[in-house]
$ cat work-v1.cif   # mmCIF, N, CA and C atoms and all ligand atoms
data_my_file
#
loop_
_atom_site.label_atom_id
_atom_site.label_comp_id
_atom_site.auth_asym_id
_atom_site.auth_seq_id
_atom_site.Cartn_x
_atom_site.Cartn_y
_atom_site.Cartn_z
N MET A 1 -61.84 -21.56 83.56
CA MET A 1 -61.34 -22.86 83.05
C MET A 1 -60.36 -22.64 81.92
N THR A 2 -60.79 -21.88 80.94
CA THR A 2 -59.89 -21.63 79.80
C THR A 2 -58.67 -20.82 80.26
N ASP A 3 -58.95 -19.87 81.16
CA ASP A 3 -57.85 -19.03 81.65
C ASP A 3 -56.78 -19.85 82.36
N ARG A 4 -57.22 -20.71 83.29
CA ARG A 4 -56.27 -21.50 84.07
C ARG A 4 -55.47 -22.44 83.18
N ALA A 5 -56.20 -23.12 82.27
CA ALA A 5 -55.55 -24.06 81.37
C ALA A 5 -54.47 -23.36 80.55
N ALA A 6 -54.71 -22.11 80.22
CA ALA A 6 -53.75 -21.39 79.39
C ALA A 6 -52.55 -20.93 80.21
N SER A 7 -52.79 -20.57 81.49
CA SER A 7 -51.68 -19.99 82.26
C SER A 7 -50.72 -21.05 82.79
N ARG A 8 -51.21 -22.23 83.10
CA ARG A 8 -50.33 -23.25 83.70
C ARG A 8 -49.17 -23.67 82.80
N PRO A 9 -49.46 -24.06 81.55
CA PRO A 9 -48.32 -24.43 80.70
C PRO A 9 -47.35 -23.27 80.52
N GLY A 10 -47.89 -22.06 80.55
CA GLY A 10 -47.04 -20.87 80.43
C GLY A 10 -46.04 -20.81 81.58
N LEU A 11 -46.52 -21.01 82.78
CA LEU A 11 -45.65 -20.97 83.95
C LEU A 11 -44.59 -22.07 83.90
N ARG A 12 -45.04 -23.25 83.47
CA ARG A 12 -44.12 -24.37 83.40
C ARG A 12 -42.97 -24.06 82.44
N TRP A 13 -43.34 -23.44 81.32
CA TRP A 13 -42.34 -23.08 80.31
C TRP A 13 -41.32 -22.08 80.90
N VAL A 14 -41.82 -21.11 81.65
CA VAL A 14 -40.92 -20.13 82.27
C VAL A 14 -39.98 -20.83 83.26
N ALA A 15 -40.56 -21.76 84.05
CA ALA A 15 -39.75 -22.47 85.03
C ALA A 15 -38.67 -23.31 84.34
N ALA A 16 -39.06 -23.97 83.25
CA ALA A 16 -38.11 -24.80 82.52
C ALA A 16 -36.99 -23.95 81.93
N LEU A 17 -37.35 -22.81 81.38
CA LEU A 17 -36.37 -21.91 80.79
C LEU A 17 -35.40 -21.42 81.86
N PHE A 18 -35.96 -21.08 83.03
CA PHE A 18 -35.13 -20.60 84.12
C PHE A 18 -34.14 -21.68 84.56
N ALA A 19 -34.62 -22.94 84.63
CA ALA A 19 -33.74 -24.04 85.04
C ALA A 19 -32.60 -24.20 84.05
N VAL A 20 -32.92 -24.15 82.77
CA VAL A 20 -31.89 -24.32 81.74
C VAL A 20 -30.86 -23.21 81.84
N VAL A 21 -31.34 -21.97 82.01
CA VAL A 21 -30.44 -20.83 82.08
C VAL A 21 -29.54 -20.94 83.32
N SER A 22 -30.10 -21.33 84.47
CA SER A 22 -29.25 -21.37 85.66
C SER A 22 -28.26 -22.52 85.61
N ILE A 23 -28.65 -23.66 85.04
CA ILE A 23 -27.70 -24.77 84.91
C ILE A 23 -26.57 -24.34 83.98
N GLY A 24 -26.93 -23.70 82.88
CA GLY A 24 -25.92 -23.22 81.93
C GLY A 24 -24.96 -22.25 82.58
N ALA A 25 -25.49 -21.32 83.37
CA ALA A 25 -24.64 -20.32 84.02
C ALA A 25 -23.71 -20.99 85.02
N ALA A 26 -24.22 -21.96 85.78
CA ALA A 26 -23.39 -22.64 86.77
C ALA A 26 -22.25 -23.39 86.09
N ALA A 27 -22.55 -24.07 84.98
CA ALA A 27 -21.52 -24.83 84.28
C ALA A 27 -20.48 -23.88 83.71
N ALA A 28 -20.89 -22.75 83.18
CA ALA A 28 -19.96 -21.81 82.59
C ALA A 28 -19.03 -21.23 83.65
N CYS A 29 -19.55 -21.00 84.85
CA CYS A 29 -18.75 -20.41 85.91
C CYS A 29 -17.75 -21.40 86.49
N SER A 30 -18.18 -22.62 86.70
CA SER A 30 -17.35 -23.53 87.47
C SER A 30 -16.40 -24.34 86.59
N GLY A 31 -16.76 -24.60 85.35
CA GLY A 31 -15.90 -25.38 84.47
C GLY A 31 -15.79 -26.83 84.89
N GLY A 32 -16.64 -27.31 85.74
CA GLY A 32 -16.59 -28.71 86.17
C GLY A 32 -17.42 -28.90 87.41
N GLU A 33 -17.80 -30.14 87.70
CA GLU A 33 -18.72 -30.36 88.81
C GLU A 33 -18.07 -30.11 90.16
N GLU A 34 -16.79 -30.43 90.29
CA GLU A 34 -16.18 -30.39 91.60
C GLU A 34 -15.73 -29.01 92.03
N SER A 35 -15.48 -28.14 91.06
CA SER A 35 -14.83 -26.88 91.39
C SER A 35 -15.78 -25.89 92.01
N SER A 36 -15.21 -25.02 92.80
CA SER A 36 -15.95 -23.90 93.36
C SER A 36 -14.95 -22.79 93.56
N GLY A 37 -15.34 -21.76 94.24
CA GLY A 37 -14.41 -20.67 94.47
C GLY A 37 -14.54 -19.59 93.41
N PRO A 38 -13.70 -18.58 93.50
CA PRO A 38 -13.83 -17.42 92.62
C PRO A 38 -13.45 -17.74 91.18
N PRO A 39 -13.96 -16.99 90.23
CA PRO A 39 -13.57 -17.19 88.83
C PRO A 39 -12.11 -16.82 88.62
N VAL A 40 -11.41 -17.60 87.81
CA VAL A 40 -10.00 -17.33 87.56
C VAL A 40 -9.73 -17.40 86.06
N THR A 41 -8.63 -16.78 85.63
CA THR A 41 -8.32 -16.74 84.19
C THR A 41 -6.88 -17.19 83.95
N GLY A 42 -6.54 -17.42 82.70
CA GLY A 42 -5.17 -17.70 82.29
C GLY A 42 -4.61 -18.97 82.90
N ALA A 43 -3.34 -18.90 83.36
CA ALA A 43 -2.68 -20.07 83.94
C ALA A 43 -3.46 -20.57 85.15
N ALA A 44 -4.05 -19.64 85.90
CA ALA A 44 -4.80 -20.04 87.09
C ALA A 44 -6.02 -20.88 86.70
N ALA A 45 -6.64 -20.57 85.57
CA ALA A 45 -7.79 -21.35 85.11
C ALA A 45 -7.36 -22.76 84.72
N GLU A 46 -6.20 -22.86 84.10
CA GLU A 46 -5.64 -24.18 83.79
C GLU A 46 -5.37 -24.94 85.09
N GLY A 47 -4.80 -24.22 86.05
CA GLY A 47 -4.51 -24.82 87.34
C GLY A 47 -5.76 -25.32 88.02
N LYS A 48 -6.83 -24.57 87.87
CA LYS A 48 -8.10 -24.96 88.48
C LYS A 48 -8.59 -26.29 87.88
N GLN A 49 -8.46 -26.42 86.58
CA GLN A 49 -8.86 -27.67 85.93
C GLN A 49 -8.00 -28.83 86.41
N LEU A 50 -6.67 -28.59 86.48
CA LEU A 50 -5.76 -29.63 86.96
C LEU A 50 -6.09 -30.00 88.40
N PHE A 51 -6.43 -28.99 89.18
CA PHE A 51 -6.76 -29.20 90.59
C PHE A 51 -7.93 -30.17 90.72
N ASN A 52 -8.89 -30.02 89.82
CA ASN A 52 -10.05 -30.92 89.86
C ASN A 52 -9.74 -32.27 89.22
N SER A 53 -9.05 -32.27 88.08
CA SER A 53 -8.83 -33.52 87.36
C SER A 53 -7.79 -34.41 88.05
N ASN A 54 -6.94 -33.83 88.90
CA ASN A 54 -5.94 -34.64 89.60
C ASN A 54 -6.38 -35.03 91.01
N GLY A 55 -7.60 -34.73 91.34
CA GLY A 55 -8.13 -35.18 92.62
C GLY A 55 -7.73 -34.33 93.81
N CYS A 56 -7.05 -33.21 93.56
CA CYS A 56 -6.64 -32.34 94.67
C CYS A 56 -7.87 -31.87 95.45
N ALA A 57 -8.95 -31.62 94.71
CA ALA A 57 -10.17 -31.07 95.33
C ALA A 57 -10.79 -32.06 96.32
N ALA A 58 -10.45 -33.34 96.19
CA ALA A 58 -11.00 -34.33 97.12
C ALA A 58 -10.48 -34.09 98.53
N CYS A 59 -9.27 -33.55 98.64
CA CYS A 59 -8.67 -33.36 99.96
C CYS A 59 -8.53 -31.89 100.35
N HIS A 60 -8.57 -31.00 99.35
CA HIS A 60 -8.37 -29.57 99.65
C HIS A 60 -9.56 -28.76 99.18
N SER A 61 -10.15 -28.00 100.09
CA SER A 61 -11.21 -27.07 99.67
C SER A 61 -10.57 -25.79 99.16
N VAL A 62 -11.36 -25.01 98.46
CA VAL A 62 -10.88 -23.69 98.02
C VAL A 62 -11.76 -22.59 98.64
N ASP A 63 -12.56 -22.98 99.65
CA ASP A 63 -13.48 -22.01 100.25
C ASP A 63 -13.22 -21.79 101.73
N GLY A 64 -12.10 -22.31 102.22
CA GLY A 64 -11.76 -22.08 103.62
C GLY A 64 -12.14 -23.22 104.55
N SER A 65 -12.93 -24.18 104.07
CA SER A 65 -13.31 -25.29 104.95
C SER A 65 -12.19 -26.33 104.99
N ASP A 66 -12.09 -26.99 106.13
CA ASP A 66 -11.02 -27.96 106.35
C ASP A 66 -11.39 -29.30 105.74
N GLY A 67 -10.38 -30.06 105.32
CA GLY A 67 -10.63 -31.39 104.78
C GLY A 67 -9.53 -32.33 105.23
N VAL A 68 -9.26 -33.36 104.43
CA VAL A 68 -8.13 -34.24 104.72
C VAL A 68 -6.85 -33.39 104.76
N GLY A 69 -6.79 -32.44 103.85
CA GLY A 69 -5.68 -31.48 103.84
C GLY A 69 -6.20 -30.08 104.10
N PRO A 70 -5.26 -29.13 104.31
CA PRO A 70 -5.67 -27.74 104.58
C PRO A 70 -6.35 -27.10 103.36
N THR A 71 -7.18 -26.09 103.61
CA THR A 71 -7.82 -25.38 102.50
C THR A 71 -6.76 -24.60 101.72
N MET A 72 -7.04 -24.39 100.44
CA MET A 72 -6.13 -23.61 99.60
C MET A 72 -6.46 -22.12 99.67
N LYS A 73 -7.61 -21.81 100.29
CA LYS A 73 -8.01 -20.40 100.36
C LYS A 73 -7.12 -19.64 101.34
N GLY A 74 -6.52 -18.58 100.87
CA GLY A 74 -5.70 -17.75 101.75
C GLY A 74 -4.34 -18.35 102.07
N LEU A 75 -4.01 -19.48 101.41
CA LEU A 75 -2.74 -20.15 101.72
C LEU A 75 -1.55 -19.36 101.18
N ALA A 76 -1.61 -18.97 99.92
CA ALA A 76 -0.47 -18.28 99.30
C ALA A 76 -0.10 -17.03 100.08
N GLY A 77 1.16 -16.93 100.46
CA GLY A 77 1.65 -15.76 101.18
C GLY A 77 1.47 -15.83 102.69
N SER A 78 0.77 -16.88 103.17
CA SER A 78 0.52 -16.98 104.61
C SER A 78 1.68 -17.68 105.31
N GLN A 79 1.65 -17.67 106.63
CA GLN A 79 2.64 -18.38 107.43
C GLN A 79 2.08 -19.76 107.76
N VAL A 80 2.83 -20.80 107.42
CA VAL A 80 2.38 -22.17 107.65
C VAL A 80 3.21 -22.79 108.77
N SER A 81 2.54 -23.35 109.78
CA SER A 81 3.24 -24.07 110.83
C SER A 81 3.54 -25.48 110.36
N LEU A 82 4.79 -25.89 110.56
CA LEU A 82 5.20 -27.21 110.07
C LEU A 82 5.25 -28.22 111.20
N GLU A 83 4.98 -29.47 110.85
CA GLU A 83 5.10 -30.58 111.78
C GLU A 83 6.55 -30.63 112.26
N GLY A 84 6.74 -30.76 113.56
CA GLY A 84 8.09 -30.79 114.09
C GLY A 84 8.62 -29.42 114.44
N GLY A 85 7.81 -28.40 114.26
CA GLY A 85 8.20 -27.05 114.66
C GLY A 85 8.63 -26.16 113.51
N GLY A 86 8.55 -24.87 113.74
CA GLY A 86 8.95 -23.90 112.73
C GLY A 86 7.81 -23.48 111.84
N THR A 87 8.00 -22.35 111.18
CA THR A 87 7.00 -21.87 110.23
C THR A 87 7.70 -21.53 108.93
N VAL A 88 6.92 -21.49 107.87
CA VAL A 88 7.46 -21.16 106.56
C VAL A 88 6.43 -20.26 105.87
N THR A 89 6.93 -19.32 105.06
CA THR A 89 6.01 -18.50 104.27
C THR A 89 5.63 -19.27 103.02
N ALA A 90 4.33 -19.32 102.76
CA ALA A 90 3.84 -20.09 101.60
C ALA A 90 4.03 -19.28 100.31
N ASP A 91 5.30 -19.17 99.89
CA ASP A 91 5.58 -18.52 98.61
C ASP A 91 5.51 -19.57 97.50
N ASP A 92 5.78 -19.15 96.28
CA ASP A 92 5.65 -20.08 95.15
C ASP A 92 6.57 -21.29 95.29
N ALA A 93 7.78 -21.07 95.81
CA ALA A 93 8.72 -22.19 95.97
C ALA A 93 8.18 -23.22 96.94
N TYR A 94 7.59 -22.72 98.05
CA TYR A 94 7.01 -23.64 99.02
C TYR A 94 5.83 -24.40 98.41
N LEU A 95 4.98 -23.68 97.69
CA LEU A 95 3.81 -24.33 97.08
C LEU A 95 4.26 -25.40 96.09
N ARG A 96 5.27 -25.05 95.29
CA ARG A 96 5.76 -26.00 94.29
C ARG A 96 6.29 -27.26 94.99
N GLN A 97 7.07 -27.05 96.04
CA GLN A 97 7.62 -28.21 96.74
C GLN A 97 6.52 -29.02 97.43
N SER A 98 5.52 -28.33 97.97
CA SER A 98 4.43 -29.05 98.65
C SER A 98 3.69 -29.96 97.68
N ILE A 99 3.64 -29.55 96.41
CA ILE A 99 2.93 -30.35 95.41
C ILE A 99 3.81 -31.50 94.92
N LEU A 100 5.09 -31.20 94.67
CA LEU A 100 5.98 -32.22 94.09
C LEU A 100 6.48 -33.22 95.12
N ASP A 101 6.69 -32.75 96.34
CA ASP A 101 7.28 -33.60 97.38
C ASP A 101 6.54 -33.34 98.69
N PRO A 102 5.29 -33.84 98.79
CA PRO A 102 4.41 -33.47 99.90
C PRO A 102 5.00 -33.73 101.28
N SER A 103 5.84 -34.75 101.41
CA SER A 103 6.31 -35.08 102.76
C SER A 103 7.54 -34.27 103.17
N ALA A 104 8.12 -33.48 102.25
CA ALA A 104 9.32 -32.72 102.57
C ALA A 104 9.08 -31.73 103.71
N GLN A 105 7.95 -31.01 103.65
CA GLN A 105 7.60 -30.06 104.70
C GLN A 105 6.13 -30.28 105.00
N ARG A 106 5.87 -31.06 106.03
CA ARG A 106 4.49 -31.39 106.31
C ARG A 106 3.84 -30.34 107.20
N VAL A 107 2.61 -30.00 106.88
CA VAL A 107 1.87 -29.01 107.66
C VAL A 107 1.52 -29.60 109.02
N ALA A 108 1.73 -28.83 110.08
CA ALA A 108 1.43 -29.30 111.44
C ALA A 108 -0.02 -29.70 111.56
N GLY A 109 -0.25 -30.85 112.18
CA GLY A 109 -1.61 -31.28 112.47
C GLY A 109 -2.27 -32.09 111.37
N TYR A 110 -1.54 -32.33 110.29
CA TYR A 110 -2.12 -33.11 109.19
C TYR A 110 -1.30 -34.40 108.98
N SER A 111 -1.99 -35.40 108.45
CA SER A 111 -1.32 -36.66 108.17
C SER A 111 -0.53 -36.55 106.87
N ALA A 112 0.30 -37.54 106.64
CA ALA A 112 1.09 -37.58 105.40
C ALA A 112 0.29 -38.28 104.31
N ALA A 113 -0.98 -37.85 104.15
CA ALA A 113 -1.89 -38.55 103.24
C ALA A 113 -1.71 -38.14 101.79
N MET A 114 -1.01 -37.03 101.57
CA MET A 114 -0.98 -36.50 100.20
C MET A 114 -0.03 -37.30 99.31
N PRO A 115 -0.57 -37.83 98.21
CA PRO A 115 0.28 -38.59 97.30
C PRO A 115 1.10 -37.66 96.41
N ALA A 116 2.33 -38.05 96.08
CA ALA A 116 3.12 -37.31 95.10
C ALA A 116 2.56 -37.66 93.73
N ARG A 117 2.43 -36.66 92.86
CA ARG A 117 1.85 -36.90 91.55
C ARG A 117 2.88 -36.62 90.48
N ASP A 118 2.69 -37.30 89.36
CA ASP A 118 3.59 -37.12 88.24
C ASP A 118 3.10 -35.94 87.40
N LEU A 119 3.52 -34.74 87.77
CA LEU A 119 3.06 -33.53 87.08
C LEU A 119 4.23 -32.88 86.36
N SER A 120 3.96 -32.31 85.20
CA SER A 120 5.01 -31.59 84.48
C SER A 120 5.26 -30.26 85.18
N PRO A 121 6.45 -29.65 84.95
CA PRO A 121 6.73 -28.33 85.56
C PRO A 121 5.66 -27.30 85.18
N GLU A 122 5.15 -27.38 83.95
CA GLU A 122 4.11 -26.44 83.52
C GLU A 122 2.83 -26.65 84.31
N GLU A 123 2.49 -27.92 84.56
CA GLU A 123 1.29 -28.21 85.33
C GLU A 123 1.42 -27.70 86.77
N VAL A 124 2.62 -27.90 87.33
CA VAL A 124 2.84 -27.41 88.69
C VAL A 124 2.74 -25.89 88.72
N ASP A 125 3.32 -25.22 87.71
CA ASP A 125 3.21 -23.76 87.63
C ASP A 125 1.76 -23.31 87.59
N SER A 126 0.94 -24.02 86.81
CA SER A 126 -0.48 -23.65 86.70
C SER A 126 -1.19 -23.85 88.04
N LEU A 127 -0.87 -24.95 88.71
CA LEU A 127 -1.48 -25.21 90.01
C LEU A 127 -1.09 -24.11 91.00
N VAL A 128 0.19 -23.72 90.98
CA VAL A 128 0.65 -22.66 91.88
C VAL A 128 -0.05 -21.34 91.54
N ALA A 129 -0.22 -21.07 90.24
CA ALA A 129 -0.92 -19.84 89.82
C ALA A 129 -2.36 -19.86 90.34
N TYR A 130 -2.97 -21.04 90.31
CA TYR A 130 -4.34 -21.15 90.82
C TYR A 130 -4.38 -20.89 92.32
N ILE A 131 -3.48 -21.53 93.06
CA ILE A 131 -3.45 -21.34 94.51
C ILE A 131 -3.16 -19.87 94.83
N ASP A 132 -2.27 -19.25 94.05
CA ASP A 132 -1.97 -17.82 94.22
C ASP A 132 -3.24 -16.98 94.05
N ALA A 133 -4.09 -17.41 93.13
CA ALA A 133 -5.32 -16.65 92.85
C ALA A 133 -6.34 -16.79 93.97
N LEU A 134 -6.12 -17.74 94.86
CA LEU A 134 -7.07 -17.99 95.96
C LEU A 134 -6.65 -17.29 97.25
N ARG A 135 -5.62 -16.49 97.18
CA ARG A 135 -5.12 -15.87 98.41
C ARG A 135 -6.09 -14.83 98.93
C1 LIG A 201 -5.33 -37.80 99.71
C2 LIG A 201 -5.46 -36.39 100.06
C3 LIG A 201 -4.69 -35.36 99.27
C4 LIG A 201 -4.64 -35.17 97.89
C5 LIG A 201 -5.32 -36.00 96.81
C6 LIG A 201 -3.85 -33.98 97.69
N1 LIG A 201 -3.42 -33.48 98.88
FE1 LIG A 201 -2.34 -31.77 99.14
N2 LIG A 201 -2.18 -32.19 101.15
C7 LIG A 201 -2.84 -33.21 101.80
C8 LIG A 201 -2.49 -33.16 103.21
C9 LIG A 201 -2.99 -34.14 104.28
C10 LIG A 201 -1.63 -32.07 103.37
C11 LIG A 201 -1.00 -31.58 104.68
C12 LIG A 201 0.21 -32.43 105.05
C13 LIG A 201 1.37 -32.16 104.15
O1 LIG A 201 1.91 -31.04 104.19
O2 LIG A 201 1.75 -33.08 103.39
C14 LIG A 201 -1.45 -31.47 102.05
C15 LIG A 201 -0.70 -30.34 101.78
C16 LIG A 201 -0.73 -29.62 100.59
C17 LIG A 201 -0.16 -28.31 100.39
C18 LIG A 201 0.51 -27.45 101.46
C19 LIG A 201 -0.65 -26.84 102.22
C20 LIG A 201 -0.29 -25.85 103.30
O3 LIG A 201 -1.24 -25.45 104.04
O4 LIG A 201 0.87 -25.49 103.46
C21 LIG A 201 -0.40 -27.96 99.09
C22 LIG A 201 -0.01 -26.66 98.39
C23 LIG A 201 -1.12 -29.06 98.48
N3 LIG A 201 -1.30 -30.05 99.42
C24 LIG A 201 -1.54 -29.08 97.18
C25 LIG A 201 -2.13 -30.19 96.57
C26 LIG A 201 -2.37 -30.30 95.15
C27 LIG A 201 -2.09 -29.21 94.13
C28 LIG A 201 -2.91 -31.54 94.94
C29 LIG A 201 -3.26 -32.19 93.61
C30 LIG A 201 -2.18 -32.34 92.65
C31 LIG A 201 -3.03 -32.18 96.23
N4 LIG A 201 -2.54 -31.34 97.19
C32 LIG A 201 -3.58 -33.45 96.44
C33 LIG A 201 -3.69 -34.14 101.24
C34 LIG A 201 -3.90 -34.30 99.87
#
$ encode --input "work-v1.cif" --output "structure tokens"
Amino acid sequence: MTDRAASRPGLRWVAALFAVVSIGAAAACSGGEESSGPPVTGAAAEGKQLFNSNGCAACHSVDGSDGVGPTMKGLAGSQVSLEGGGTVTADDAYLRQSILDPSAQRVAGYSAAMPARDLSPEEVDSLVAYIDALR
């Protein structure tokens, strides 16, 4: 009786501590509720925040799964098929244009759902750095 009563609160305390530690670790890694994918630093980390705060994550995954728009994983440097024919290499210039003027070169098989956003050149650079980090 005494033994059991003593051990139960002990276990609960360990479980609570574990929960706190894992929540803390998850928050530190992701930097926000919506984000996932590999850890990134510098401009790419800023880009990751912008990616989440500007709603990009609602349409684009960073883990390879398909959404309203194509995944950002493995995009940088890849060959993209365009609506209406032709392919383009997803270099920084292409990524920048895709963000600033989404309908200029539409990806084959996707709708023109992506809204143009009012982003500064620095913000676009950070977003491109983030997408580059996901290659
Ligand atoms: C409402 C959904 C939606 C939102 C929000 C959105 N996009 Fe898109 N995006 C799309 C769709 C659909 C496409 C594919 C059609 C096209 O090329 O416009 C696309 C295409 C792209 C491409 C080219 C992808 C490729 O495979 O070549 C990039 C890069 C991109 N988006 C980045 C962003 C960034 C960065 C943001 C946030 C600032 C964003 N998108 C917000 C829907 C969205």
$ residues_near_ligand --input "work-v1.cif" --ligand "ligand LIG 201 (chain A)" --cutoff "5 Å" --atoms "all atoms listed in the file" --output "PyMOL selection string"
chain A and resi 54-56+59+68-70+95+98-99+102-103+105-107+110-115
$ closest_residue --input "work-v1.cif" --among "A:Leu134, A:Ala44, A:Leu100, A:Ala129" --to "Ser78 in chain A" --atoms "only C-alpha atoms"
A:Leu134
$ atom_distance --input "work-v1.cif" --atom1 "atom C of Pro39 in chain A" --atom2 "atom N of Leu119 in chain A"
23.8 Å
$ atom_distance --input "work-v1.cif" --atom1 "CA of Val88 in chain A" --atom2 "CA of Ala45 in chain A"
26.3 Å
$ select_by_dssp --input "work-v1.cif" --residues "range 30-111 of chain A" --states "strand (DSSP E or B)" --output "JSON, numbers by chain"
{"A": [79, 80, 81, 82, 87, 88, 89, 107]}
$ closest_residue --input "work-v1.cif" --among "A:Ala108, A:Ala57, A:Val40, A:Val128" --to "Gly77 in chain A" --atoms "only C-alpha atoms"
A:Val128
$ atom_distance --input "work-v1.cif" --atom1 "atom C of Ala133 in chain A" --atom2 "CA of Ser53 in chain A"
18.2 Å
$ closest_residue --input "work-v1.cif" --among "A:Gly37, A:Gly47, A:Gly42, A:Gly109" --to "Leu127 in chain A" --atoms "all atoms listed in the file"
A:Gly47
